[in-house]
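> This is query_21.cif (mmCIF, C-alpha atoms).
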data_final
loop_
_atom_site.label_atom_id
_atom_site.label_comp_id
_atom_site.auth_asym_id
_atom_site.auth_seq_id
_atom_site.Cartn_x
_atom_site.Cartn_y
_atom_site.Cartn_z
CA MET A 753 33.48 113.52 60.21
CA LYS A 754 32.89 114.12 56.55
CA GLY A 755 32.47 110.37 55.94
CA LYS A 756 29.94 110.15 58.76
CA TRP A 757 27.79 112.91 57.21
CA ASN A 758 27.93 111.15 53.84
CA ARG A 759 26.68 107.93 55.43
CA LEU A 760 23.86 109.78 57.23
CA PHE A 761 22.90 111.56 54.03
CA ALA A 762 22.77 108.26 52.11
CA ILE A 763 20.56 106.68 54.78
CA GLY A 764 18.19 109.66 54.79
CA LEU A 765 17.98 109.73 51.02
CA GLY A 766 17.22 106.00 50.97
CA THR A 767 14.42 106.51 53.49
CA ILE A 768 12.89 109.30 51.41
CA LEU A 769 13.08 107.23 48.22
CA THR A 770 11.48 104.23 49.94
CA ALA A 771 8.67 106.39 51.30
CA SER A 772 8.14 107.87 47.85
CA LEU A 773 7.93 104.43 46.26
CA VAL A 774 5.43 103.28 48.88
CA ALA A 775 3.35 106.39 48.34
CA GLY A 776 3.52 105.83 44.58
CA CYS A 777 2.32 102.26 44.95
CA ALA A 778 -0.48 103.38 47.27
CA GLY A 779 -1.55 105.84 44.60
CA LYS A 780 -2.15 102.94 42.23
CA THR A 781 -4.64 101.08 44.43
CA PRO A 782 -7.38 99.85 42.05
CA ILE A 783 -10.78 101.53 42.27
CA ALA A 784 -13.85 99.57 41.11
CA GLY A 785 -14.59 100.29 37.48
CA VAL A 786 -11.56 102.56 36.97
CA ALA A 787 -8.58 101.35 34.92
CA THR A 788 -5.85 100.06 37.26
CA ASN A 789 -3.11 101.64 35.15
CA THR A 790 -4.34 105.11 36.10
CA PRO A 791 -2.69 106.23 39.36
CA VAL A 792 -5.11 107.78 41.84
CA ALA A 793 -2.45 110.39 42.50
CA ALA A 794 -2.61 111.45 38.84
CA LYS A 795 -6.21 112.72 39.24
CA PRO A 796 -6.74 112.99 35.46
CA PHE A 797 -9.83 115.19 35.87
CA GLU A 798 -8.71 117.20 38.89
CA GLY A 799 -10.90 120.26 39.28
CA LYS A 800 -13.47 119.14 36.73
CA SER A 801 -17.16 118.96 37.64
CA ILE A 802 -20.03 117.27 35.81
CA THR A 803 -23.78 117.11 36.38
CA ILE A 804 -25.68 113.84 36.09
CA VAL A 805 -29.47 113.63 35.91
CA THR A 806 -31.17 110.31 36.69
CA ALA A 807 -34.67 108.97 37.15
CA ASN A 808 -35.84 108.02 40.63
CA HIS A 809 -34.88 104.44 39.95
CA PRO A 810 -33.19 101.66 41.95
CA TRP A 811 -30.22 101.82 39.57
CA GLY A 812 -29.47 105.38 40.63
CA GLU A 813 -29.77 104.46 44.29
CA ALA A 814 -27.36 101.56 43.79
CA LEU A 815 -24.86 103.84 42.04
CA LYS A 816 -24.77 106.72 44.52
CA PRO A 817 -22.77 104.94 47.27
CA LEU A 818 -20.11 104.06 44.67
CA LEU A 819 -19.52 107.64 43.51
CA PRO A 820 -16.89 108.56 46.14
CA ASP A 821 -14.54 105.91 44.70
CA PHE A 822 -14.94 107.36 41.22
CA GLU A 823 -14.37 110.90 42.46
CA ALA A 824 -11.28 109.83 44.40
CA ALA A 825 -9.79 108.06 41.39
CA THR A 826 -10.44 110.80 38.85
CA GLY A 827 -10.43 114.01 40.87
CA MET A 828 -13.79 114.79 39.28
CA LYS A 829 -16.76 116.16 41.23
CA VAL A 830 -20.07 114.52 40.31
CA ASN A 831 -23.27 116.44 40.98
CA ILE A 832 -26.24 114.09 40.73
CA GLN A 833 -29.92 115.05 40.50
CA SER A 834 -32.91 112.69 40.42
CA TYR A 835 -36.46 113.16 39.15
CA PHE A 836 -39.63 111.13 38.66
CA GLU A 837 -40.04 109.85 35.09
CA ASP A 838 -42.40 112.53 33.77
CA GLN A 839 -40.46 115.27 35.57
CA LEU A 840 -37.24 113.90 34.11
CA THR A 841 -38.49 114.13 30.52
CA GLN A 842 -39.79 117.65 31.14
CA LYS A 843 -36.51 118.71 32.79
CA LEU A 844 -34.38 117.39 29.94
CA THR A 845 -36.63 118.88 27.26
CA VAL A 846 -36.51 122.35 28.85
CA GLU A 847 -32.73 122.22 29.33
CA PHE A 848 -31.93 120.98 25.86
CA THR A 849 -34.38 123.29 24.09
CA SER A 850 -32.58 126.23 25.70
CA GLY A 851 -29.20 124.91 24.52
CA SER A 852 -27.92 124.22 28.03
CA VAL A 853 -24.50 122.55 28.44
CA THR A 854 -25.88 120.70 31.47
CA PRO A 855 -26.64 118.04 32.38
CA ASP A 856 -23.48 116.50 30.97
CA VAL A 857 -24.86 112.95 31.29
CA PHE A 858 -28.47 111.90 31.65
CA MET A 859 -30.60 108.82 32.11
CA TYR A 860 -33.33 108.38 29.50
CA ARG A 861 -35.78 105.86 28.00
CA PRO A 862 -34.43 105.03 24.52
CA LEU A 863 -37.69 103.72 23.09
CA GLN A 864 -39.78 106.57 24.44
CA GLU A 865 -37.56 109.63 23.93
CA GLY A 866 -34.46 108.37 22.12
CA LYS A 867 -35.45 109.12 18.55
CA LEU A 868 -36.80 112.57 19.42
CA PHE A 869 -33.71 113.52 21.44
CA TYR A 870 -31.38 112.30 18.74
CA LYS A 871 -33.19 113.99 15.85
CA ASN A 872 -33.18 117.28 17.77
CA GLY A 873 -29.40 117.07 18.10
CA TRP A 874 -29.47 116.79 21.89
CA VAL A 875 -27.52 113.55 22.10
CA GLN A 876 -23.82 113.04 21.43
CA PRO A 877 -23.11 109.85 19.39
CA LEU A 878 -20.85 107.59 21.43
CA ASP A 879 -19.47 105.26 18.74
CA ASP A 880 -15.97 106.74 18.76
CA PHE A 881 -15.77 106.87 22.57
CA THR A 882 -16.42 103.13 22.90
CA LYS A 883 -13.42 102.39 20.67
CA LYS A 884 -10.87 104.37 22.68
CA ASP A 885 -10.32 101.82 25.43
CA ALA A 886 -10.19 98.10 24.58
CA SER A 887 -10.62 97.18 28.25
CA TYR A 888 -14.12 98.67 28.16
CA ASP A 889 -15.09 95.63 26.03
CA PHE A 890 -18.05 97.15 24.22
CA ASN A 891 -18.81 93.80 22.53
CA ASP A 892 -19.77 92.45 25.96
CA PHE A 893 -23.12 94.27 25.72
CA SER A 894 -26.00 92.24 24.29
CA LYS A 895 -26.82 93.06 20.67
CA SER A 896 -30.51 93.62 21.38
CA ALA A 897 -29.71 96.10 24.16
CA ILE A 898 -27.39 98.05 21.85
CA GLY A 899 -29.97 97.86 19.09
CA THR A 900 -32.41 99.70 21.34
CA THR A 901 -29.98 102.59 21.91
CA THR A 902 -28.97 102.89 18.25
CA VAL A 903 -30.66 105.58 16.17
CA ASP A 904 -30.06 105.95 12.44
CA GLY A 905 -27.01 103.72 12.74
CA LYS A 906 -25.43 105.80 15.54
CA LEU A 907 -24.97 104.82 19.18
CA ALA A 908 -27.07 107.31 21.13
CA GLY A 909 -26.63 105.79 24.62
CA ILE A 910 -25.19 102.98 26.70
CA PRO A 911 -27.65 100.45 28.19
CA ILE A 912 -27.99 100.33 31.98
CA ILE A 913 -31.33 98.54 32.53
CA THR A 914 -32.71 95.79 30.31
CA GLU A 915 -35.93 93.82 30.29
CA GLN A 916 -37.62 91.03 28.39
CA GLU A 917 -41.19 89.80 28.16
CA ILE A 918 -41.62 86.42 29.85
CA LEU A 919 -44.45 84.09 30.78
CA TYR A 920 -45.36 83.92 34.48
CA TYR A 921 -47.42 80.95 35.60
CA ARG A 922 -48.75 79.13 38.65
CA LYS A 923 -46.59 76.05 39.16
CA ASP A 924 -49.08 74.44 41.54
CA LEU A 925 -52.06 74.80 39.19
CA LEU A 926 -50.23 73.35 36.21
CA GLN A 927 -48.93 70.44 38.27
CA LYS A 928 -52.36 69.65 39.69
CA ALA A 929 -53.98 69.74 36.24
CA GLY A 930 -51.16 67.79 34.60
CA ILE A 931 -50.43 70.60 32.16
CA ALA A 932 -46.93 71.12 30.78
CA VAL A 933 -45.52 74.64 30.66
CA PRO A 934 -46.69 76.04 27.30
CA LYS A 935 -43.96 76.28 24.68
CA THR A 936 -46.16 77.65 21.90
CA LEU A 937 -48.92 80.24 21.77
CA ASP A 938 -51.40 77.53 20.77
CA GLU A 939 -50.42 75.52 23.85
CA LEU A 940 -50.82 78.65 25.97
CA VAL A 941 -54.36 79.24 24.70
CA ALA A 942 -55.27 75.59 25.39
CA ALA A 943 -53.85 75.71 28.92
CA VAL A 944 -55.61 79.01 29.65
CA LYS A 945 -58.95 77.53 28.60
CA LYS A 946 -58.44 74.47 30.79
CA LEU A 947 -57.56 76.44 33.93
CA HIS A 948 -60.14 79.21 33.49
CA ASP A 949 -62.72 78.84 36.27
CA PRO A 950 -64.38 82.22 36.88
CA LYS A 951 -67.09 80.74 39.13
CA ASN A 952 -64.34 80.07 41.66
CA GLU A 953 -62.57 83.36 40.95
CA MET A 954 -59.80 81.68 39.00
CA TYR A 955 -59.06 83.26 35.64
CA GLY A 956 -56.96 81.77 32.88
CA PHE A 957 -54.95 84.78 31.78
CA VAL A 958 -54.14 88.40 32.55
CA ALA A 959 -51.96 91.07 30.94
CA ARG A 960 -52.11 94.79 30.30
CA GLY A 961 -55.42 95.87 28.80
CA GLN A 962 -55.13 99.67 28.75
CA ARG A 963 -54.80 101.01 25.22
CA SER A 964 -51.28 102.47 25.38
CA PRO A 965 -49.66 100.20 28.01
CA LEU A 966 -50.76 96.98 26.26
CA VAL A 967 -48.73 97.80 23.14
CA THR A 968 -45.39 96.84 24.64
CA GLN A 969 -46.70 93.45 25.73
CA VAL A 970 -48.56 92.56 22.56
CA SER A 971 -45.30 93.25 20.71
CA SER A 972 -43.89 89.83 21.60
CA PHE A 973 -47.02 88.16 20.19
CA LEU A 974 -46.54 90.23 17.03
CA TYR A 975 -42.86 89.34 16.53
CA SER A 976 -43.45 85.67 17.34
CA GLU A 977 -46.04 85.50 14.55
CA GLY A 978 -43.54 87.03 12.12
CA GLY A 979 -44.84 90.61 12.11
CA ASP A 980 -43.69 94.03 13.29
CA PHE A 981 -45.19 97.47 13.76
CA THR A 982 -43.32 98.90 10.81
CA GLN A 983 -41.06 97.80 7.99
CA GLY A 984 -38.79 100.51 6.71
CA ASP A 985 -40.95 103.57 6.14
CA LYS A 986 -44.20 101.61 6.03
CA ALA A 987 -46.71 100.85 8.80
CA THR A 988 -47.48 97.12 8.99
CA ILE A 989 -50.06 96.64 11.72
CA ASN A 990 -52.72 95.33 9.30
CA THR A 991 -50.77 92.36 7.92
CA PRO A 992 -52.03 88.77 8.43
CA GLU A 993 -49.27 88.25 11.02
CA ALA A 994 -50.35 91.34 12.94
CA ILE A 995 -54.02 90.40 12.80
CA LYS A 996 -53.21 86.94 14.17
CA ALA A 997 -51.11 88.34 17.02
CA PHE A 998 -53.58 91.04 18.05
CA THR A 999 -56.48 88.59 17.88
CA THR A 1000 -54.72 86.06 20.11
CA TYR A 1001 -53.83 88.66 22.72
CA GLY A 1002 -57.18 90.45 22.59
CA THR A 1003 -59.20 87.23 22.74
CA LEU A 1004 -57.24 85.90 25.72
CA LEU A 1005 -58.11 89.09 27.59
CA LYS A 1006 -61.72 89.21 26.37
CA ASP A 1007 -62.59 85.60 27.24
CA TYR A 1008 -60.27 84.57 30.05
CA ALA A 1009 -59.18 87.66 32.01
CA PRO A 1010 -60.59 89.06 35.26
CA PRO A 1011 -63.25 91.81 35.14
CA GLY A 1012 -61.89 95.30 34.55
CA VAL A 1013 -58.94 94.22 32.40
CA LEU A 1014 -59.60 97.06 29.93
CA ASN A 1015 -58.33 99.44 32.60
CA MET A 1016 -55.32 97.42 33.70
CA SER A 1017 -51.69 98.40 33.25
CA TRP A 1018 -48.91 96.31 34.80
CA PRO A 1019 -49.49 97.22 38.49
CA GLN A 1020 -53.12 96.10 38.36
CA ALA A 1021 -52.41 93.01 36.25
CA ILE A 1022 -49.57 91.66 38.35
CA GLY A 1023 -51.50 92.65 41.47
CA ILE A 1024 -54.37 90.32 40.70
CA PHE A 1025 -51.92 87.59 39.65
CA ALA A 1026 -50.18 87.99 43.01
CA GLN A 1027 -53.54 87.59 44.77
CA GLY A 1028 -53.67 84.05 43.39
CA LYS A 1029 -56.57 84.60 41.03
CA VAL A 1030 -54.88 84.01 37.66
CA ALA A 1031 -53.08 81.03 36.11
CA PHE A 1032 -50.97 82.80 33.45
CA TYR A 1033 -49.59 86.30 33.18
CA THR A 1034 -47.23 87.80 30.61
CA ASP A 1035 -45.19 90.94 31.16
CA ALA A 1036 -41.66 92.22 31.81
CA ASN A 1037 -39.23 90.10 33.82
CA SER A 1038 -38.17 93.23 35.72
CA ILE A 1039 -41.34 93.27 37.83
CA TYR A 1040 -41.05 89.69 39.12
CA ASN A 1041 -40.56 90.84 42.70
CA ASN A 1042 -44.19 91.99 42.83
CA ALA A 1043 -45.23 88.33 42.49
CA THR A 1044 -42.50 86.72 44.64
CA ASP A 1045 -42.28 89.10 47.60
CA PRO A 1046 -44.27 87.47 50.45
CA THR A 1047 -45.32 90.91 51.69
CA LYS A 1048 -47.00 91.62 48.34
CA SER A 1049 -48.01 88.19 47.08
CA LYS A 1050 -50.14 85.29 48.28
CA ILE A 1051 -48.42 82.96 45.80
CA SER A 1052 -44.79 83.96 46.37
CA ASP A 1053 -43.61 80.34 46.46
CA LYS A 1054 -45.77 79.17 43.56
CA VAL A 1055 -44.58 81.43 40.73
CA GLY A 1056 -42.96 79.87 37.68
CA TYR A 1057 -41.17 81.58 34.78
CA ALA A 1058 -40.93 80.50 31.15
CA VAL A 1059 -39.52 81.74 27.87
CA PHE A 1060 -42.17 83.53 25.84
CA PRO A 1061 -44.16 80.93 23.85
CA SER A 1062 -43.41 80.43 20.16
CA GLY A 1063 -45.64 81.52 17.34
CA LYS A 1064 -45.27 80.93 13.62
CA ALA A 1065 -41.85 82.65 13.63
CA GLY A 1066 -40.64 81.04 16.85
CA SER A 1067 -40.17 82.66 20.26
CA LYS A 1068 -39.46 86.34 19.60
CA PRO A 1069 -40.02 88.31 22.80
CA TYR A 1070 -38.85 91.86 23.09
CA SER A 1071 -35.43 92.23 24.71
CA ILE A 1072 -34.81 95.91 25.20
CA THR A 1073 -32.92 98.61 27.00
CA SER A 1074 -35.53 100.29 29.17
CA TRP A 1075 -33.06 102.85 30.56
CA ALA A 1076 -29.74 104.11 29.22
CA LEU A 1077 -27.11 106.78 29.81
CA ALA A 1078 -26.53 109.44 27.17
CA MET A 1079 -24.22 112.43 26.78
CA ASN A 1080 -25.42 115.97 26.16
CA ALA A 1081 -24.25 117.00 22.69
CA LYS A 1082 -23.35 120.40 24.15
CA ALA A 1083 -21.49 119.08 27.21
CA ALA A 1084 -18.50 121.33 27.90
CA ASN A 1085 -16.14 118.48 28.77
CA LYS A 1086 -17.09 115.42 26.77
CA ASP A 1087 -14.04 113.45 27.90
CA ALA A 1088 -15.08 113.87 31.53
CA ALA A 1089 -18.67 112.95 30.67
CA TRP A 1090 -17.51 109.81 28.88
CA GLU A 1091 -15.24 108.88 31.79
CA PHE A 1092 -18.31 108.80 34.01
CA ILE A 1093 -20.39 106.79 31.51
CA LYS A 1094 -17.51 104.36 30.99
CA TRP A 1095 -17.18 103.86 34.73
CA ALA A 1096 -20.92 103.54 35.41
CA THR A 1097 -21.32 100.94 32.66
CA SER A 1098 -18.06 99.06 33.28
CA LYS A 1099 -18.08 95.37 34.13
CA GLU A 1100 -17.19 96.07 37.77
CA ILE A 1101 -19.95 98.61 38.35
CA VAL A 1102 -22.58 96.69 36.37
CA LEU A 1103 -21.81 93.74 38.62
CA LYS A 1104 -22.39 95.85 41.73
CA THR A 1105 -25.64 97.42 40.48
CA GLN A 1106 -26.93 94.09 39.14
CA GLN A 1107 -26.37 92.48 42.54
CA LYS A 1108 -28.95 95.00 43.78
CA GLY A 1109 -31.53 93.61 41.34
CA ASN A 1110 -30.91 95.96 38.39
CA PRO A 1111 -30.72 93.79 35.24
CA GLY A 1112 -27.80 95.00 33.15
CA ALA A 1113 -26.76 94.38 29.55
CA ARG A 1114 -23.30 92.82 29.97
CA ALA A 1115 -23.17 89.10 29.11
CA SER A 1116 -20.06 88.53 31.21
CA VAL A 1117 -21.83 89.73 34.35
CA TRP A 1118 -24.77 87.37 33.75
CA ASP A 1119 -22.24 84.55 33.42
CA LYS A 1120 -20.76 85.21 36.87
CA PRO A 1121 -22.31 83.39 39.86
CA GLU A 1122 -22.02 86.61 41.86
CA GLY A 1123 -23.76 88.53 39.07
CA ILE A 1124 -27.05 86.67 39.38
CA THR A 1125 -27.52 86.75 43.15
CA GLY A 1126 -30.19 89.44 42.87
CA PHE A 1127 -32.53 87.25 40.80
CA PRO A 1128 -34.45 83.98 41.23
CA ALA A 1129 -32.33 81.06 39.97
CA GLU A 1130 -35.18 79.85 37.70
CA LEU A 1131 -35.43 83.25 36.03
CA VAL A 1132 -31.76 83.70 35.12
CA PRO A 1133 -31.53 81.22 32.21
CA ILE A 1134 -34.68 82.73 30.72
CA ILE A 1135 -33.21 86.23 30.84
CA LYS A 1136 -29.98 85.00 29.26
CA ALA A 1137 -31.78 83.10 26.50
CA GLU A 1138 -34.12 85.95 25.61
CA SER A 1139 -31.24 88.45 25.61
CA ILE A 1140 -29.89 86.50 22.66
CA SER A 1141 -33.10 85.72 20.76
CA GLY A 1142 -35.11 88.85 21.57
CA VAL A 1143 -36.17 91.86 19.47
CA ASP A 1144 -34.68 95.26 20.33
CA HIS A 1145 -37.93 97.26 20.52
CA ASP A 1146 -41.32 96.83 22.18
CA ARG A 1147 -43.28 99.61 20.44
CA PRO A 1148 -43.22 101.46 17.11
CA THR A 1149 -39.82 103.15 16.76
CA VAL A 1150 -41.09 106.60 15.84
CA ILE A 1151 -40.76 110.10 17.26
CA SER A 1152 -44.44 110.48 18.16
CA VAL A 1153 -44.47 107.37 20.32
CA GLY A 1154 -47.63 108.18 22.29
CA GLU A 1155 -49.77 108.67 19.19
CA ALA A 1156 -48.40 105.50 17.61
CA ARG A 1157 -49.10 103.42 20.70
CA ASP A 1158 -52.68 104.66 20.79
CA ALA A 1159 -53.19 103.61 17.17
CA VAL A 1160 -51.96 100.07 17.83
CA GLY A 1161 -53.75 99.74 21.16
CA GLU A 1162 -57.06 100.69 19.56
CA ILE A 1163 -57.03 97.49 17.49
CA VAL A 1164 -56.54 95.25 20.52
CA GLN A 1165 -59.08 97.05 22.66
CA LYS A 1166 -61.74 96.71 19.98
CA ILE A 1167 -61.07 92.96 19.86
CA MET A 1168 -61.43 92.89 23.64
CA THR A 1169 -64.83 94.56 23.39
CA GLY A 1170 -66.12 92.17 20.74
CA ASP A 1171 -65.23 93.78 17.40
CA THR A 1172 -65.57 91.09 14.73
CA ASN A 1173 -64.25 93.10 11.76
CA VAL A 1174 -60.64 93.15 12.92
CA GLN A 1175 -59.21 93.67 9.43
CA ALA A 1176 -61.16 96.88 8.88
CA THR A 1177 -60.12 98.19 12.30
CA ALA A 1178 -56.50 97.31 11.59
CA ASP A 1179 -56.59 98.94 8.15
CA THR A 1180 -57.81 102.20 9.69
CA ALA A 1181 -55.22 102.04 12.45
CA ASN A 1182 -52.50 101.32 9.88
CA GLN A 1183 -53.44 104.46 7.96
CA THR A 1184 -53.23 106.42 11.20
CA LEU A 1185 -49.79 105.00 12.02
CA GLN A 1186 -48.56 105.72 8.49
CA ALA A 1187 -49.72 109.33 8.79
CA ILE A 1188 -47.83 109.62 12.10
CA MET A 1189 -44.67 108.25 10.49
CA ASP A 1190 -44.97 110.59 7.50
CA LYS A 1191 -45.49 113.55 9.79
CA ASP A 1192 -42.43 112.60 11.83
CA LYS A 1193 -40.28 112.45 8.69
CA ALA A 1194 -41.34 115.98 7.76
CA LYS A 1195 -40.32 117.43 11.12
#
As structure tokens - that is how I would like this structure written.

Amino acid sequence: MKGKWNRLFAIGLGTILTASLVAGCAGKTPIAGVATNTPVAAKPFEGKSITIVTANHPWGEALKPLLPDFEAATGMKVNIQSYFEDQLTQKLTVEFTSGSVTPDVFMYRPLQEGKLFYKNGWVQPLDDFTKKDASYDFNDFSKSAIGTTTVDGKLAGIPIITEQEILYYRKDLLQKAGIAVPKTLDELVAAVKKLHDPKNEMYGFVARGQRSPLVTQVSSFLYSEGGDFTQGDKATINTPEAIKAFTTYGTLLKDYAPPGVLNMSWPQAIGIFAQGKVAFYTDANSIYNNATDPTKSKISDKVGYAVFPSGKAGSKPYSITSWALAMNAKAANKDAAWEFIKWATSKEIVLKTQQKGNPGARASVWDKPEGITGFPAELVPIIKAESISGVDHDRPTVISVGEARDAVGEIVQKIMTGDTNVQATADTANQTLQAIMDKDKAK
């Protein structure tokens, strides 16, 4: 009898051990973007809660359905809030000014608010966090994207949305006229002149003409001619390179753009291009869908894309991080906040959000066939090329960004309205920009 009980006990114990092993293996089921060597059962952040603030942006909408997997793997509760752009900046400014420990992680525009947020001590540098886990592969991010989120040599955020300035053109018009796709700015000007036919409501060129919005787009003209907005602590928007760039852009809009271009930002400019009334248009690659969506465009099947044309210094379009994730410097649990950022910007999650049309900053994702399904095949090689050759800013990198943009935009708008003394206008604007920079340093 005793032997029988021993045998039964052994069988029961074996069953329990087997069940435990199965349960243990089940606990290690991989979750997208979460390290596979972390058992789900371990729940490393069990009971922790973080608050995330995002813009009302397609990236946030693509991320939300993936959050349950992250919460299940980590045990962490993620509270996410979304705001329109202007509301977002106001929300963050109010919270941080009051010293709030929330939000723990936030979405922000590095070139618009990054320097201000960092100088005010609101942003936690992330350099050390990126070195903790080799599998995160920080070197996979494009250098230009990281350059955008770096302030005073410190990593202030992780890129989530990138964009580059490209040349849009009408394939059918160029083919009919026997014009090759322009590879230089001089070739662009010549092609614009040839295709400009205002009597038949066909204009050679369009781009942003409003004073502040135009600055980001004229930047690629500036870099390609060998200039920049600043050099060190000095304003440089009155150099020969700058004058050449601003004159080219301003003259194209003055002589070959549709009526009303002075009041156009990107929605108006791409809108008239999509109506089939313009041959060439230059702007961000991220808005291509406005020209290729048949419900919005009359030329959806006639749109071509090209690398930004070369100037004296070659093709130097901006290639920037337009949106990034940052950590609140006062976040109560920085490890939990980083765990979320690491997950949201991992290769697996970037792949999923990029498939929804959100251009990320990871080179490995752009190299995957499944990573480019959300973009036109003709556009992908241009994005990849400009990510390597591009410049990491599209406006003056100062704290008082709005004032600086107005100073630069004033030069171009005066050219558009017929100002012939461009040097004098640029000299005055350069003094204004220098004063803005000096004032920022004193803050």
> Can you find the residues with an atom no farther than 12 Å from (-45.1, 109.9, 6.3), counting all atoms listed in the file, and report them as a ChimeraX atom specification?
/A:984-987,1150-1152,1182-1195
> Give as a PyMOL selection string the residues that the PyMOL selection byres ((chain A and resi 798) around 10) matches when applied to the coordinates above.
chain A and resi 793-797+799-801+823-829
> Once the PyMOL selection byres ((chain A and resi 917) around 8) has been evaluated on this model, what residues remain selected, and can you format them as JSON, numbers by chain?
{"A": [915, 916, 918, 919, 969, 972, 1034, 1035, 1036, 1037, 1060, 1069, 1070, 1071]}
> Can you pull out every residue within 12 Å of Ile1101 of chain A, counting all atoms listed in the file, but drop anything in the same chain fewer than 5 positions away, and send it as a PDB file with C-alpha atoms, in the coordinates of the input?

ATOM      1  CA  ILE A 783     -10.780 101.530  42.270  1.00  0.00           C
ATOM      2  CA  ALA A 784     -13.850  99.570  41.110  1.00  0.00           C
ATOM      3  CA  GLY A 785     -14.590 100.290  37.480  1.00  0.00           C
ATOM      4  CA  VAL A 786     -11.560 102.560  36.970  1.00  0.00           C
ATOM      5  CA  TRP A 811     -30.220 101.820  39.570  1.00  0.00           C
ATOM      6  CA  GLY A 812     -29.470 105.380  40.630  1.00  0.00           C
ATOM      7  CA  ALA A 814     -27.360 101.560  43.790  1.00  0.00           C
ATOM      8  CA  LEU A 815     -24.860 103.840  42.040  1.00  0.00           C
ATOM      9  CA  LYS A 816     -24.770 106.720  44.520  1.00  0.00           C
ATOM     10  CA  PRO A 817     -22.770 104.940  47.270  1.00  0.00           C
ATOM     11  CA  LEU A 818     -20.110 104.060  44.670  1.00  0.00           C
ATOM     12  CA  LEU A 819     -19.520 107.640  43.510  1.00  0.00           C
ATOM     13  CA  ASP A 821     -14.540 105.910  44.700  1.00  0.00           C
ATOM     14  CA  PHE A 822     -14.940 107.360  41.220  1.00  0.00           C
ATOM     15  CA  TYR A 888     -14.120  98.670  28.160  1.00  0.00           C
ATOM     16  CA  ILE A 912     -27.990 100.330  31.980  1.00  0.00           C
ATOM     17  CA  PHE A1092     -18.310 108.800  34.010  1.00  0.00           C
ATOM     18  CA  ILE A1093     -20.390 106.790  31.510  1.00  0.00           C
ATOM     19  CA  LYS A1094     -17.510 104.360  30.990  1.00  0.00           C
ATOM     20  CA  TRP A1095     -17.180 103.860  34.730  1.00  0.00           C
ATOM     21  CA  ALA A1096     -20.920 103.540  35.410  1.00  0.00           C
ATOM     22  CA  GLN A1106     -26.930  94.090  39.140  1.00  0.00           C
ATOM     23  CA  GLN A1107     -26.370  92.480  42.540  1.00  0.00           C
ATOM     24  CA  LYS A1108     -28.950  95.000  43.780  1.00  0.00           C
ATOM     25  CA  ASN A1110     -30.910  95.960  38.390  1.00  0.00           C
ATOM     26  CA  GLY A1112     -27.800  95.000  33.150  1.00  0.00           C
ATOM     27  CA  ALA A1113     -26.760  94.380  29.550  1.00  0.00           C
ATOM     28  CA  ARG A1114     -23.300  92.820  29.970  1.00  0.00           C
ATOM     29  CA  VAL A1117     -21.830  89.730  34.350  1.00  0.00           C
ATOM     30  CA  GLY A1123     -23.760  88.530  39.070  1.00  0.00           C
TER      31      GLY A1123
END
> Would you translate the PyMOL selection byres ((chain A and resi 1021-1024) around 9) into the concrete set of residues it matches in this file, as a list in words?
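Going through the file, the PyMOL selection byres ((chain A and resi 1021-1024) around 9) ends up selecting Val958, Ala959, Arg960, Gly961, Pro1010, Val1013, Met1016, Ser1017, Trp1018, Pro1019, Gln1020, Phe1025, Ala1026, Gln1027, Gly1028, Lys1029, Val1030, Tyr1033, Thr1034, Asp1035, Ile1039, Tyr1040, Asn1042, Ala1043, Lys1048 and Ser1049 of chain A.
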> Rank nothing, just name the residue among A:Leu863, A:Val1153, A:Leu1103, A:Ile910 nearest to Leu878 of chain A, using all atoms listed in the file.
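Nearest candidate to Leu878 of chain A out of A:Leu863, A:Val1153, A:Leu1103, A:Ile910: A:Ile910.
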> Counting all atoms listed in the file, which of A:Gly1063, A:Gly1154, A:Pro1011, A:Pro911 gets nearest to Ser1098 of chain A?
A:Pro911
> For the atom pair atom CA of Asn1085 of chain A and atom CA of Leu907 of chain A, what is the interatomic distance in Å to one decimal place?
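Those two atoms sit 18.9 Å apart.
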> Enter the distance from atom CA of Leu868 of chain A to atom CA of Thr841 of chain A, in Å, rounded to one decimal.
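It comes out at 11.3 Å.
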> Rounded to one decimal place, report the atom CA of Gln842 of chain A-atom CA of Gly1161 of chain A distance in Å.
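It comes out at 24.8 Å.
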> I want to know what sits within 12 Å of Glu1162 of chain A, based on only C-alpha atoms, with residues of the same chain fewer than 5 positions away left out; could you give that as a list of chain:residue names?
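The neighbour list is A:Gly961, A:Gln962, A:Arg963, A:Ser964, A:Pro965, A:Leu966, A:Val967, A:Ile989, A:Phe998, A:Gly1002, A:Leu1014, A:Glu1155, A:Ala1156, A:Arg1157, A:Ile1167, A:Met1168, A:Thr1169, A:Asp1171, A:Val1174, A:Thr1177, A:Ala1178, A:Asp1179, A:Thr1180, A:Ala1181, A:Asn1182, A:Thr1184, A:Leu1185.
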> Which is closest to Ser852 of chain A among A:Ile802, A:Ala1084, A:Pro1128, A:Thr1044, if we use all atoms listed in the file?
A:Ala1084
> Nearest to Phe881 of chain A among A:Ala994, A:Ala908, A:Ala932, A:Ile804, with distances taken over all atoms listed in the file: which residue is it?
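Closest to Phe881 of chain A of all the choices is A:Ala908.
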> Can you work out which one of A:Pro1111, A:Ser1038, A:Asp949, A:Val1143 has the shortest atom-to-atom distance to Ala1076 of chain A, counting all atoms listed in the file?
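Ranking A:Pro1111, A:Ser1038, A:Asp949, A:Val1143 by distance to Ala1076 of chain A, first place goes to A:Pro1111.
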